[in-house]
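S.K.: For reference, this is final_16.csv, and it has CSV, C-alpha atoms and all ligand atoms.
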```
chain,number,residue,atom,x,y,z
A,2,MET,CA,12.0,4.1,26.9
A,3,LYS,CA,15.4,5.6,26.3
A,4,LYS,CA,16.5,4.2,22.9
A,5,ILE,CA,14.3,3.1,19.9
A,6,ALA,CA,14.9,1.9,16.4
A,7,VAL,CA,12.9,2.5,13.2
A,8,LEU,CA,12.8,0.5,10.0
A,9,THR,CA,10.9,0.2,6.7
A,10,SER,CA,10.1,-3.2,5.3
A,11,GLY,CA,8.3,-4.8,2.4
A,12,GLY,CA,7.2,-2.9,-0.7
A,13,ASP,CA,8.1,0.8,-0.4
A,14,ALA,CA,5.3,3.4,-0.4
A,15,PRO,CA,5.3,7.2,-1.1
A,16,GLY,CA,5.2,8.9,2.3
A,17,MET,CA,7.4,6.4,4.1
A,18,ASN,CA,10.1,9.1,4.4
A,19,ALA,CA,7.6,11.6,5.9
A,20,CYS,CA,6.8,8.8,8.5
A,21,ILE,CA,10.5,8.2,9.3
A,22,ARG,CA,11.0,11.9,9.7
A,23,ALA,CA,8.0,12.1,12.2
A,24,VAL,CA,9.4,9.2,14.2
A,25,VAL,CA,12.9,10.7,14.4
A,26,ARG,CA,11.9,14.3,15.1
A,27,GLY,CA,9.2,13.0,17.6
A,28,ALA,CA,11.9,10.9,19.4
A,29,ILE,CA,14.2,13.9,19.7
A,30,TYR,CA,11.4,16.1,21.0
A,31,HIS,CA,10.7,13.5,23.7
A,32,ASP,CA,14.4,13.0,24.6
A,33,VAL,CA,14.6,9.5,23.2
A,34,GLU,CA,17.6,8.3,21.3
A,35,VAL,CA,16.7,7.0,17.8
A,36,TYR,CA,18.4,4.6,15.5
A,37,GLY,CA,17.7,3.8,11.9
A,38,VAL,CA,17.8,0.3,10.5
A,39,ARG,CA,18.7,-0.1,6.8
A,40,TYR,CA,17.0,-2.7,4.6
A,41,GLY,CA,14.3,-3.6,7.1
A,42,TYR,CA,14.5,-6.9,9.0
A,43,GLU,CA,17.6,-7.8,6.8
A,44,GLY,CA,19.5,-4.9,8.4
A,45,LEU,CA,18.2,-5.9,11.8
A,46,ILE,CA,19.7,-9.3,11.4
A,47,LYS,CA,23.0,-8.0,9.9
A,48,GLY,CA,23.3,-5.2,12.5
A,49,ASP,CA,23.0,-2.4,9.9
A,50,ILE,CA,21.8,0.0,12.5
A,51,TYR,CA,23.0,3.6,12.9
A,52,PRO,CA,22.2,6.6,15.1
A,53,MET,CA,19.9,9.3,13.6
A,54,ASN,CA,19.5,12.9,14.4
A,55,SER,CA,17.3,15.8,13.2
A,56,TYR,CA,19.5,16.4,10.1
A,57,SER,CA,19.3,12.7,9.1
A,58,VAL,CA,15.7,13.4,8.1
A,59,SER,CA,16.0,16.9,6.7
A,60,ASN,CA,14.8,17.5,3.1
A,61,ILE,CA,13.1,14.1,2.8
A,62,ILE,CA,9.4,14.8,3.5
A,63,GLN,CA,8.8,15.4,-0.2
A,64,ARG,CA,10.7,12.3,-1.5
A,65,GLY,CA,9.3,9.0,-2.6
A,66,GLY,CA,10.9,5.7,-1.6
A,67,THR,CA,12.5,5.2,1.7
A,68,ILE,CA,15.9,6.6,2.9
A,69,LEU,CA,16.2,3.6,5.2
A,70,LYS,CA,15.8,1.2,2.1
A,71,SER,CA,13.6,-1.8,2.2
A,72,ALA,CA,13.7,-5.5,1.7
A,73,ARG,CA,11.5,-8.6,2.0
A,74,SER,CA,13.6,-10.7,4.4
A,75,LYS,CA,13.5,-14.5,4.2
A,76,ASP,CA,15.8,-14.9,7.2
A,77,PHE,CA,13.5,-13.0,9.5
A,78,ARG,CA,10.9,-15.7,8.9
A,79,THR,CA,13.2,-18.1,10.8
A,80,LYS,CA,13.6,-18.2,14.6
A,81,GLU,CA,17.4,-18.0,14.2
A,82,GLY,CA,17.1,-14.8,12.1
A,83,ARG,CA,14.8,-13.2,14.7
A,84,GLN,CA,17.2,-14.3,17.5
A,85,LYS,CA,20.1,-12.6,15.8
A,86,ALA,CA,18.0,-9.4,15.2
A,87,TYR,CA,17.1,-9.4,18.9
A,88,GLY,CA,20.7,-9.8,19.9
A,89,ASN,CA,21.7,-6.8,17.7
A,90,LEU,CA,19.1,-4.6,19.3
A,91,LYS,CA,20.0,-5.7,22.8
A,92,ALA,CA,23.7,-5.0,22.1
A,93,LEU,CA,22.8,-1.4,21.5
A,94,ALA,CA,20.5,-1.3,24.5
A,95,ILE,CA,17.6,-0.5,22.2
A,96,ASP,CA,14.3,-1.0,24.0
A,97,GLY,CA,11.6,-0.4,21.4
A,98,LEU,CA,11.1,-0.8,17.7
A,99,ILE,CA,8.9,1.0,15.1
A,100,THR,CA,8.2,-0.9,11.9
A,101,ILE,CA,6.8,0.9,8.9
A,102,GLY,CA,5.3,-1.5,6.3
A,103,GLY,CA,2.4,-3.8,5.4
A,104,ASP,CA,1.1,-7.2,6.4
A,105,GLY,CA,4.3,-9.1,5.9
A,106,THR,CA,6.1,-6.5,8.1
A,107,PHE,CA,3.6,-6.8,10.8
A,108,THR,CA,3.5,-10.6,10.8
A,109,GLY,CA,7.2,-10.4,11.6
A,110,ALA,CA,6.8,-7.7,14.2
A,111,HIS,CA,4.0,-9.6,16.0
A,112,LEU,CA,6.2,-12.8,16.2
A,113,PHE,CA,9.2,-10.7,17.3
A,114,HIS,CA,7.1,-9.3,20.1
A,115,GLU,CA,5.7,-12.7,21.1
A,116,GLU,CA,9.1,-14.4,21.2
A,117,PHE,CA,11.3,-11.8,22.8
A,118,GLY,CA,8.9,-9.4,24.5
A,119,MET,CA,10.3,-6.6,22.4
A,120,PRO,CA,8.0,-3.6,22.5
A,121,VAL,CA,7.0,-2.9,18.9
A,122,VAL,CA,4.5,-0.5,17.3
A,123,GLY,CA,3.7,-0.5,13.5
A,124,ALA,CA,2.9,2.3,11.2
A,125,PRO,CA,0.9,1.1,8.1
A,126,GLY,CA,2.9,1.8,5.0
A,127,THR,CA,1.7,0.1,1.8
A,128,ILE,CA,0.1,1.3,-1.4
A,129,ASP,CA,-2.4,-1.6,-1.2
A,130,ASN,CA,-4.5,-0.1,1.7
A,131,ASP,CA,-5.3,-3.6,2.8
A,132,LEU,CA,-4.7,-3.3,6.5
A,133,TYR,CA,-7.5,-3.4,9.1
A,134,GLY,CA,-7.4,-0.6,11.7
A,135,THR,CA,-6.8,2.4,9.5
A,136,ASP,CA,-8.9,4.1,6.9
A,137,ASN,CA,-5.9,4.7,4.7
A,138,THR,CA,-2.4,3.4,4.6
A,139,ILE,CA,0.6,5.5,3.8
A,140,GLY,CA,1.2,5.6,0.0
A,141,PHE,CA,-2.3,4.6,-1.0
A,142,ASP,CA,-3.5,8.1,-2.0
A,143,THR,CA,-0.4,8.8,-4.0
A,144,ALA,CA,-0.6,5.5,-5.8
A,145,VAL,CA,-4.2,6.1,-6.7
A,146,ASN,CA,-3.3,9.5,-8.1
A,147,THR,CA,-0.4,8.1,-10.1
A,148,ALA,CA,-2.8,5.4,-11.6
A,149,LEU,CA,-5.4,8.1,-12.3
A,150,GLU,CA,-2.9,10.3,-14.2
A,151,ALA,CA,-2.0,7.2,-16.3
A,152,ILE,CA,-5.6,6.4,-16.9
A,153,ASP,CA,-6.3,10.0,-18.0
A,154,LYS,CA,-3.5,9.7,-20.6
A,155,ILE,CA,-4.6,6.3,-21.8
A,156,ARG,CA,-8.1,7.7,-22.2
A,157,ASP,CA,-6.8,10.3,-24.7
A,158,THR,CA,-5.3,7.7,-27.0
A,159,ALA,CA,-8.2,5.3,-26.5
A,160,ASP,CA,-10.6,8.0,-27.6
A,161,SER,CA,-8.5,9.0,-30.7
A,162,HIS,CA,-8.4,5.4,-31.9
A,163,ASP,CA,-11.8,4.1,-30.7
A,164,ARG,CA,-10.1,1.4,-28.7
A,165,LEU,CA,-10.9,-0.8,-25.7
A,166,PHE,CA,-8.3,-0.7,-23.0
A,167,PHE,CA,-7.7,-3.0,-20.1
A,168,ILE,CA,-5.6,-1.3,-17.5
A,169,GLU,CA,-4.1,-3.3,-14.7
A,170,VAL,CA,-3.3,-1.7,-11.4
A,171,MET,CA,-1.5,-3.0,-8.3
A,172,GLY,CA,-3.0,-3.9,-4.9
A,173,ARG,CA,-1.9,-7.5,-4.4
A,174,ASP,CA,-5.2,-9.3,-3.3
A,175,SER,CA,-7.1,-6.1,-2.7
A,176,GLY,CA,-9.1,-3.9,-5.0
A,177,TYR,CA,-8.7,-0.5,-3.3
A,178,ILE,CA,-6.4,1.1,-5.9
A,179,ALA,CA,-8.6,-0.3,-8.7
A,180,ILE,CA,-11.9,1.0,-7.4
A,181,GLU,CA,-10.7,4.5,-6.5
A,182,SER,CA,-8.6,5.0,-9.7
A,183,GLY,CA,-11.4,3.4,-11.7
A,184,ILE,CA,-14.1,5.7,-10.3
A,185,GLY,CA,-11.8,8.8,-10.7
A,186,GLY,CA,-10.8,7.7,-14.2
A,187,GLY,CA,-14.4,7.2,-15.3
A,188,ALA,CA,-13.9,3.5,-16.2
A,189,GLU,CA,-16.7,1.6,-17.8
A,190,LEU,CA,-16.0,-1.3,-15.5
A,191,VAL,CA,-13.7,-2.0,-12.5
A,192,MET,CA,-12.8,-5.6,-11.8
A,193,VAL,CA,-11.7,-6.3,-8.2
A,194,PRO,CA,-11.1,-9.6,-6.3
A,195,GLU,CA,-13.7,-8.6,-3.7
A,196,THR,CA,-16.6,-9.0,-6.1
A,197,GLN,CA,-17.2,-11.5,-8.9
A,198,THR,CA,-17.3,-10.1,-12.4
A,199,THR,CA,-17.5,-12.8,-15.2
A,200,VAL,CA,-16.1,-12.3,-18.7
A,201,GLU,CA,-19.7,-12.5,-19.9
A,202,GLN,CA,-20.7,-9.5,-17.7
A,203,VAL,CA,-17.7,-7.6,-19.0
A,204,ILE,CA,-18.8,-8.2,-22.6
A,205,GLN,CA,-22.4,-7.3,-21.9
A,206,THR,CA,-21.4,-4.0,-20.2
A,207,LEU,CA,-19.1,-3.1,-23.0
A,208,LYS,CA,-21.6,-3.9,-25.8
A,209,ARG,CA,-24.3,-1.9,-24.0
A,210,GLY,CA,-21.9,1.1,-24.0
A,211,TRP,CA,-21.1,0.8,-27.7
A,212,GLN,CA,-24.8,0.5,-28.5
A,213,ARG,CA,-25.3,3.8,-26.8
A,214,SER,CA,-22.6,5.2,-29.2
A,215,LYS,CA,-19.6,5.1,-26.9
A,216,ASN,CA,-16.6,4.9,-29.1
A,217,TYR,CA,-14.0,3.7,-26.7
A,218,SER,CA,-13.9,2.0,-23.3
A,219,ILE,CA,-11.7,1.7,-20.2
A,220,VAL,CA,-11.7,-1.3,-18.0
A,221,VAL,CA,-9.6,-1.1,-14.8
A,222,ILE,CA,-8.5,-4.5,-13.4
A,223,ALA,CA,-6.9,-5.1,-10.0
A,224,GLU,CA,-3.9,-7.4,-10.3
A,225,GLY,CA,-5.4,-9.9,-7.9
A,226,GLU,CA,-8.7,-10.2,-9.9
A,227,VAL,CA,-9.9,-13.8,-9.9
A,228,GLU,CA,-10.9,-13.9,-13.6
A,229,GLY,CA,-7.2,-13.3,-14.3
A,230,LYS,CA,-4.7,-10.5,-14.9
A,231,ALA,CA,-5.5,-7.9,-17.6
A,232,LEU,CA,-3.7,-9.8,-20.4
A,233,GLU,CA,-5.8,-13.0,-19.6
A,234,VAL,CA,-9.1,-11.1,-19.3
A,235,ALA,CA,-8.4,-9.3,-22.6
A,236,ALA,CA,-7.6,-12.6,-24.3
A,237,LYS,CA,-10.9,-14.0,-23.1
A,238,VAL,CA,-12.8,-11.0,-24.3
A,239,ARG,CA,-11.1,-11.0,-27.7
A,240,GLU,CA,-12.6,-14.5,-28.3
A,241,HIS,CA,-16.0,-12.9,-28.3
A,242,ILE,CA,-15.4,-9.4,-29.6
A,243,VAL,CA,-13.6,-9.4,-32.9
A,244,ASP,CA,-14.5,-6.0,-34.3
A,245,ASN,CA,-12.9,-3.9,-31.6
A,246,ASP,CA,-9.3,-2.9,-31.3
A,247,ILE,CA,-8.2,-4.1,-27.8
A,248,ARG,CA,-5.1,-3.0,-25.9
A,249,VAL,CA,-3.7,-3.9,-22.5
A,250,SER,CA,-1.7,-1.6,-20.2
A,251,THR,CA,-0.1,-2.8,-17.0
A,252,LEU,CA,0.8,0.2,-14.8
A,253,GLY,CA,3.2,-1.7,-12.5
A,254,HIS,CA,5.8,-0.2,-10.2
A,255,ILE,CA,5.2,3.3,-11.4
A,256,GLN,CA,2.5,3.3,-8.7
A,257,ARG,CA,5.0,2.7,-6.0
A,258,GLY,CA,7.2,5.7,-6.7
A,259,GLY,CA,7.0,9.5,-6.9
A,260,ARG,CA,6.5,12.4,-4.6
A,261,PRO,CA,3.9,11.7,-1.9
A,262,SER,CA,0.6,13.6,-2.1
A,263,ALA,CA,-0.3,16.2,0.5
A,264,LEU,CA,-2.7,13.7,2.1
A,265,ASP,CA,0.0,11.0,2.3
A,266,ARG,CA,2.5,13.4,3.9
A,267,THR,CA,0.1,14.5,6.6
A,268,LEU,CA,-1.1,10.9,7.2
A,269,ALA,CA,2.5,9.6,7.4
A,270,SER,CA,3.5,12.4,9.8
A,271,ARG,CA,0.5,11.7,12.1
A,272,LEU,CA,1.1,7.9,12.0
A,273,GLY,CA,4.8,8.2,12.6
A,274,LEU,CA,4.3,10.5,15.6
A,275,GLY,CA,1.4,8.3,16.7
A,276,ALA,CA,3.5,5.2,16.6
A,277,LEU,CA,6.4,6.8,18.4
A,278,GLU,CA,4.2,8.3,21.2
A,279,GLY,CA,2.3,5.0,21.5
A,280,LEU,CA,5.6,3.2,22.0
A,281,ILE,CA,6.7,5.7,24.6
A,282,ASN,CA,3.4,5.4,26.5
A,283,GLY,CA,3.6,1.7,26.7
A,284,GLU,CA,1.7,0.5,23.6
A,285,SER,CA,3.1,-2.6,22.1
A,286,ASP,CA,2.2,-5.3,19.5
A,287,VAL,CA,-0.1,-2.7,17.9
A,288,MET,CA,-0.4,-0.7,14.7
A,289,ALA,CA,-1.1,3.0,14.8
A,290,GLY,CA,-4.0,3.9,12.5
A,291,ILE,CA,-6.3,6.8,11.7
A,292,ILE,CA,-10.1,6.0,11.7
A,293,ASN,CA,-12.6,8.9,11.2
A,294,ASP,CA,-9.7,11.3,11.8
A,295,HIS,CA,-8.8,9.8,15.2
A,296,LEU,CA,-5.6,8.1,16.1
A,297,VAL,CA,-6.2,4.5,17.2
A,298,TYR,CA,-4.1,1.5,18.1
A,299,THR,CA,-5.1,-2.0,16.8
A,300,PRO,CA,-3.4,-5.2,17.8
A,301,LEU,CA,-1.0,-6.3,15.0
A,302,ASN,CA,-2.7,-9.6,14.8
A,303,GLU,CA,-6.0,-8.0,14.0
A,304,ALA,CA,-4.5,-5.6,11.5
A,305,ILE,CA,-3.1,-8.4,9.4
A,306,THR,CA,-5.9,-11.0,9.8
A,307,LYS,CA,-9.2,-9.0,9.9
A,308,GLU,CA,-10.7,-8.1,6.6
A,309,LYS,CA,-11.1,-4.5,5.5
A,310,PRO,CA,-13.9,-4.8,3.0
A,311,LEU,CA,-14.3,-2.4,0.1
A,312,ASN,CA,-17.1,0.0,0.5
A,313,PRO,CA,-20.1,-1.6,-1.4
A,314,ASP,CA,-21.4,1.9,-2.3
A,315,LEU,CA,-18.3,2.4,-4.4
A,316,ILE,CA,-18.8,-0.8,-6.3
A,317,ARG,CA,-22.5,0.0,-6.8
A,318,MET,CA,-21.6,3.5,-8.0
A,319,VAL,CA,-19.4,2.2,-10.9
A,320,LYS,CA,-22.3,0.3,-12.3
A,321,ILE,CA,-24.6,3.3,-12.1
A,322,LEU,CA,-22.2,5.8,-13.5
A,323,ASN,CA,-21.4,3.8,-16.6
A,324,VAL,CA,-24.9,3.9,-18.1
B,401,LIG,O1,2.4,-4.5,-1.5
B,401,LIG,C1,2.8,-3.6,-2.5
B,401,LIG,C2,2.9,-4.1,-3.8
B,401,LIG,O2,3.3,-3.1,-4.7
B,401,LIG,C3,1.7,-4.9,-4.4
B,401,LIG,O3,0.7,-4.0,-4.9
B,401,LIG,C4,2.3,-5.8,-5.4
B,401,LIG,O4,1.6,-6.9,-5.6
B,401,LIG,C5,3.7,-6.1,-4.8
B,401,LIG,O5,4.0,-5.1,-3.8
B,401,LIG,C6,4.8,-6.2,-5.8
B,401,LIG,O6,5.9,-6.6,-5.1
B,401,LIG,P1,7.4,-6.5,-5.7
B,401,LIG,O7,7.8,-5.1,-5.7
B,401,LIG,O8,8.2,-7.3,-4.7
B,401,LIG,O9,7.4,-7.1,-7.0
```
Once you've parsed the file, please lay out its structure as structure tokens.

M.R.:
Amino acid sequence: MKKIAVLTSGGDAPGMNACIRAVVRGAIYHDVEVYGVRYGYEGLIKGDIYPMNSYSVSNIIQRGGTILKSARSKDFRTKEGRQKAYGNLKALAIDGLITIGGDGTFTGAHLFHEEFGMPVVGAPGTIDNDLYGTDNTIGFDTAVNTALEAIDKIRDTADSHDRLFFIEVMGRDSGYIAIESGIGGGAELVMVPETQTTVEQVIQTLKRGWQRSKNYSIVVIAEGEVEGKALEVAAKVREHIVDNDIRVSTLGHIQRGGRPSALDRTLASRLGLGALEGLINGESDVMAGIINDHLVYTPLNEAITKEKPLNPDLIRMVKILNV
């Protein structure tokens, strides 16, 4: 392996820059030429590919977002798009690719490998933490801490006004951000798509708290919750609870930005270097992950299709701690 390329794709995540840095510096250390691709698969198709050196990644470990930019590419979902991308890599004699992203990114990477035999290794970068084959994904810890900071602030005003707050957090179809920020934020209730919580149960839990003289309540809702998004759940609850002042707060993209936490910087550096060294050592069509503090490689197809269930202990704990 003499020349490789690295890209970030899909939703950005804090720590992606630390991961890019590890790939680039690791490649230089191993005497491998490294190219950056701007705007993910879009840039691969358009040929937006440039050589990187050690200075290309200086002063970025602490920055959120991705210096390589990101995109969700429609064209890469077509065979023609992938063919163009392959042609652009071959024209530069690039013989390996590292993709940093989530399930959409790895779906594309897996196909690309299957169709053209291009060696490709993924590094899991998404705030959702929904990939099988790694305990944590890059960006998850920072996103949880961002959500937590917001919940703490909302708690102050909820307490002052004796209000009930529904706070919606990101995570697409997964409840990882919700469960961790809900536990850390001392929520009365956490609603996640992985377990069923009816509006009736929400009302009962809230009423029980108020009977025990709680003056305000926080409910954290994952955006993928089956009962609906925070606004919908709040509207349903309002039909049954008329005496309480109810407010909704959707945290949104604030959770995607900001300086990566220490944990994310270390994780991203390990995964970037792990992906790079895996590629050099002949790994392909796999994702680098950290499980129980060990670097592991999981087939991309498994990383995107196998379920990574929420720890049931966490779900149980929320119920116990809100008594
Ligand atoms: O996958 C990361 C994520 O932030 C999800 O939590 C969210 O559902 C989605 O991306 C939002 O995507 P976009 O930035 O394209 O609106």

S.K.: One number please: atom CA of Asp157 of chain A to atom CA of Asp314 of chain A, in Å, one decimal.

M.R.: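 Atom-to-atom, atom CA of Asp157 of chain A and atom CA of Asp314 of chain A are spaced 28.0 Å apart.
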
S.K.: Can you tell me, as a PyMOL selection string, what residues are no more than 9 Å from Lys320 of chain A when counting only C-alpha atoms, ignoring any on the same chain fewer than 6 positions away?

M.R.: chain A and resi 189-191

S.K.: Would you mind reading off the distance between atom CA of Val145 of chain A and atom CA of Ser214 of chain A, one decimal, in Å?

M.R.: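 These two atoms are separated by 29.1 Å.
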
S.K.: Neighbours of Asp286 of chain A within 9 Å (all atoms listed in the file; same-chain residues fewer than 4 positions away dropped), as a PyMOL selection string?

M.R.: chain A and resi 107+110-111+114-115+119-123+299-302

S.K.: Choose the residue, out of A:Thr135, A:Ser71, A:Thr100, A:Asn245, that has the smallest atom-to-atom separation from Asp294 of chain A; count all atoms listed in the file.

M.R.: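 Of A:Thr135, A:Ser71, A:Thr100, A:Asn245, the one nearest Asp294 of chain A, counting all atoms listed in the file, is A:Thr135.
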
S.K.: Give the answer as one residue: which of A:Thr158, A:Ser182, A:Gln256, A:Thr108 has the shortest atom-to-atom distance to ligand LIG 401 (chain B), using all atoms listed in the file?

M.R.: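 When distances to ligand LIG 401 (chain B) are compared using all atoms listed in the file, the smallest one comes from A:Gln256.
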
S.K.: Give as a list of chain:residue names each residue that has an atom at most 12 Å from (-1.3, 8.9, -14.0) in the file, counting all atoms listed in the file.

M.R.: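 Checked against the point, the hits come out as A:Thr143, A:Ala144, A:Val145, A:Asn146, A:Thr147, A:Ala148, A:Leu149, A:Glu150, A:Ala151, A:Ile152, A:Asp153, A:Lys154, A:Ile155, A:Arg156, A:Ile168, A:Val170, A:Ser182, A:Gly183, A:Gly185, A:Gly186, A:Leu252, A:Gly253, A:Ile255, A:Gln256, A:Arg257, A:Gly258, A:Gly259.
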
S.K.: Next, the residues of the selection above should be written as a PDB file, in the frame of the given file with C-alpha atoms.

M.R.:
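File produced: out12.pdb:
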```pdb
ATOM      1  CA  THR A 143      -0.400   8.800  -4.000  1.00  0.00           C
ATOM      2  CA  ALA A 144      -0.600   5.500  -5.800  1.00  0.00           C
ATOM      3  CA  VAL A 145      -4.200   6.100  -6.700  1.00  0.00           C
ATOM      4  CA  ASN A 146      -3.300   9.500  -8.100  1.00  0.00           C
ATOM      5  CA  THR A 147      -0.400   8.100 -10.100  1.00  0.00           C
ATOM      6  CA  ALA A 148      -2.800   5.400 -11.600  1.00  0.00           C
ATOM      7  CA  LEU A 149      -5.400   8.100 -12.300  1.00  0.00           C
ATOM      8  CA  GLU A 150      -2.900  10.300 -14.200  1.00  0.00           C
ATOM      9  CA  ALA A 151      -2.000   7.200 -16.300  1.00  0.00           C
ATOM     10  CA  ILE A 152      -5.600   6.400 -16.900  1.00  0.00           C
ATOM     11  CA  ASP A 153      -6.300  10.000 -18.000  1.00  0.00           C
ATOM     12  CA  LYS A 154      -3.500   9.700 -20.600  1.00  0.00           C
ATOM     13  CA  ILE A 155      -4.600   6.300 -21.800  1.00  0.00           C
ATOM     14  CA  ARG A 156      -8.100   7.700 -22.200  1.00  0.00           C
ATOM     15  CA  ILE A 168      -5.600  -1.300 -17.500  1.00  0.00           C
ATOM     16  CA  VAL A 170      -3.300  -1.700 -11.400  1.00  0.00           C
ATOM     17  CA  SER A 182      -8.600   5.000  -9.700  1.00  0.00           C
ATOM     18  CA  GLY A 183     -11.400   3.400 -11.700  1.00  0.00           C
ATOM     19  CA  GLY A 185     -11.800   8.800 -10.700  1.00  0.00           C
ATOM     20  CA  GLY A 186     -10.800   7.700 -14.200  1.00  0.00           C
ATOM     21  CA  LEU A 252       0.800   0.200 -14.800  1.00  0.00           C
ATOM     22  CA  GLY A 253       3.200  -1.700 -12.500  1.00  0.00           C
ATOM     23  CA  ILE A 255       5.200   3.300 -11.400  1.00  0.00           C
ATOM     24  CA  GLN A 256       2.500   3.300  -8.700  1.00  0.00           C
ATOM     25  CA  ARG A 257       5.000   2.700  -6.000  1.00  0.00           C
ATOM     26  CA  GLY A 258       7.200   5.700  -6.700  1.00  0.00           C
ATOM     27  CA  GLY A 259       7.000   9.500  -6.900  1.00  0.00           C
TER      28      GLY A 259
END
```

S.K.: Given a cut-off of 12 Å, what residues near ligand LIG 401 (chain B) show up using only C-alpha atoms and all ligand atoms, put as an MDAnalysis selection string?

M.R.: chainID A and resid 10:15 66 71:74 102:106 125:132 138:141 144:145 169:179 223:226 230 252:258

S.K.: For C-alpha atoms, I'd like the residues from the last selection saved as a PDB file, keeping the file's coordinate frame.

M.R.:
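Contents of the output file selection18.pdb:
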```pdb
ATOM      1  CA  SER A  10      10.100  -3.200   5.300  1.00  0.00           C
ATOM      2  CA  GLY A  11       8.300  -4.800   2.400  1.00  0.00           C
ATOM      3  CA  GLY A  12       7.200  -2.900  -0.700  1.00  0.00           C
ATOM      4  CA  ASP A  13       8.100   0.800  -0.400  1.00  0.00           C
ATOM      5  CA  ALA A  14       5.300   3.400  -0.400  1.00  0.00           C
ATOM      6  CA  PRO A  15       5.300   7.200  -1.100  1.00  0.00           C
ATOM      7  CA  GLY A  66      10.900   5.700  -1.600  1.00  0.00           C
ATOM      8  CA  SER A  71      13.600  -1.800   2.200  1.00  0.00           C
ATOM      9  CA  ALA A  72      13.700  -5.500   1.700  1.00  0.00           C
ATOM     10  CA  ARG A  73      11.500  -8.600   2.000  1.00  0.00           C
ATOM     11  CA  SER A  74      13.600 -10.700   4.400  1.00  0.00           C
ATOM     12  CA  GLY A 102       5.300  -1.500   6.300  1.00  0.00           C
ATOM     13  CA  GLY A 103       2.400  -3.800   5.400  1.00  0.00           C
ATOM     14  CA  ASP A 104       1.100  -7.200   6.400  1.00  0.00           C
ATOM     15  CA  GLY A 105       4.300  -9.100   5.900  1.00  0.00           C
ATOM     16  CA  THR A 106       6.100  -6.500   8.100  1.00  0.00           C
ATOM     17  CA  PRO A 125       0.900   1.100   8.100  1.00  0.00           C
ATOM     18  CA  GLY A 126       2.900   1.800   5.000  1.00  0.00           C
ATOM     19  CA  THR A 127       1.700   0.100   1.800  1.00  0.00           C
ATOM     20  CA  ILE A 128       0.100   1.300  -1.400  1.00  0.00           C
ATOM     21  CA  ASP A 129      -2.400  -1.600  -1.200  1.00  0.00           C
ATOM     22  CA  ASN A 130      -4.500  -0.100   1.700  1.00  0.00           C
ATOM     23  CA  ASP A 131      -5.300  -3.600   2.800  1.00  0.00           C
ATOM     24  CA  LEU A 132      -4.700  -3.300   6.500  1.00  0.00           C
ATOM     25  CA  THR A 138      -2.400   3.400   4.600  1.00  0.00           C
ATOM     26  CA  ILE A 139       0.600   5.500   3.800  1.00  0.00           C
ATOM     27  CA  GLY A 140       1.200   5.600   0.000  1.00  0.00           C
ATOM     28  CA  PHE A 141      -2.300   4.600  -1.000  1.00  0.00           C
ATOM     29  CA  ALA A 144      -0.600   5.500  -5.800  1.00  0.00           C
ATOM     30  CA  VAL A 145      -4.200   6.100  -6.700  1.00  0.00           C
ATOM     31  CA  GLU A 169      -4.100  -3.300 -14.700  1.00  0.00           C
ATOM     32  CA  VAL A 170      -3.300  -1.700 -11.400  1.00  0.00           C
ATOM     33  CA  MET A 171      -1.500  -3.000  -8.300  1.00  0.00           C
ATOM     34  CA  GLY A 172      -3.000  -3.900  -4.900  1.00  0.00           C
ATOM     35  CA  ARG A 173      -1.900  -7.500  -4.400  1.00  0.00           C
ATOM     36  CA  ASP A 174      -5.200  -9.300  -3.300  1.00  0.00           C
ATOM     37  CA  SER A 175      -7.100  -6.100  -2.700  1.00  0.00           C
ATOM     38  CA  GLY A 176      -9.100  -3.900  -5.000  1.00  0.00           C
ATOM     39  CA  TYR A 177      -8.700  -0.500  -3.300  1.00  0.00           C
ATOM     40  CA  ILE A 178      -6.400   1.100  -5.900  1.00  0.00           C
ATOM     41  CA  ALA A 179      -8.600  -0.300  -8.700  1.00  0.00           C
ATOM     42  CA  ALA A 223      -6.900  -5.100 -10.000  1.00  0.00           C
ATOM     43  CA  GLU A 224      -3.900  -7.400 -10.300  1.00  0.00           C
ATOM     44  CA  GLY A 225      -5.400  -9.900  -7.900  1.00  0.00           C
ATOM     45  CA  GLU A 226      -8.700 -10.200  -9.900  1.00  0.00           C
ATOM     46  CA  LYS A 230      -4.700 -10.500 -14.900  1.00  0.00           C
ATOM     47  CA  LEU A 252       0.800   0.200 -14.800  1.00  0.00           C
ATOM     48  CA  GLY A 253       3.200  -1.700 -12.500  1.00  0.00           C
ATOM     49  CA  HIS A 254       5.800  -0.200 -10.200  1.00  0.00           C
ATOM     50  CA  ILE A 255       5.200   3.300 -11.400  1.00  0.00           C
ATOM     51  CA  GLN A 256       2.500   3.300  -8.700  1.00  0.00           C
ATOM     52  CA  ARG A 257       5.000   2.700  -6.000  1.00  0.00           C
ATOM     53  CA  GLY A 258       7.200   5.700  -6.700  1.00  0.00           C
TER      54      GLY A 258
END
```

S.K.: Taking 5 positions as the minimum chain separation for residues in the same chain, which residues sit within 12 Å of Val38 of chain A when counting all atoms listed in the file? Answer as a PyMOL selection string.

M.R.: chain A and resi 5-10+21+43-53+67-72+86+89-90+95+98-101

S.K.: Counting only C-alpha atoms, which residue out of A:Lys4, A:Val58, A:Lys237, A:Ile316 sits closest to Val203 of chain A?

M.R.: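 Looking only at the distances to Val203 of chain A, the closest residue turns out to be A:Lys237.
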
S.K.: Rank nothing, just name the residue among A:Leu268, A:Arg39, A:Glu34, A:Leu232 nearest to Met17 of chain A, using only C-alpha atoms.

M.R.: A:Leu268

S.K.: Taking all atoms listed in the file into account, which of A:Val324, A:Ala276, A:Ile180, A:Ile281 comes nearest Asp96 of chain A?

M.R.: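 Result for the nearest residue to Asp96 of chain A: A:Ile281.
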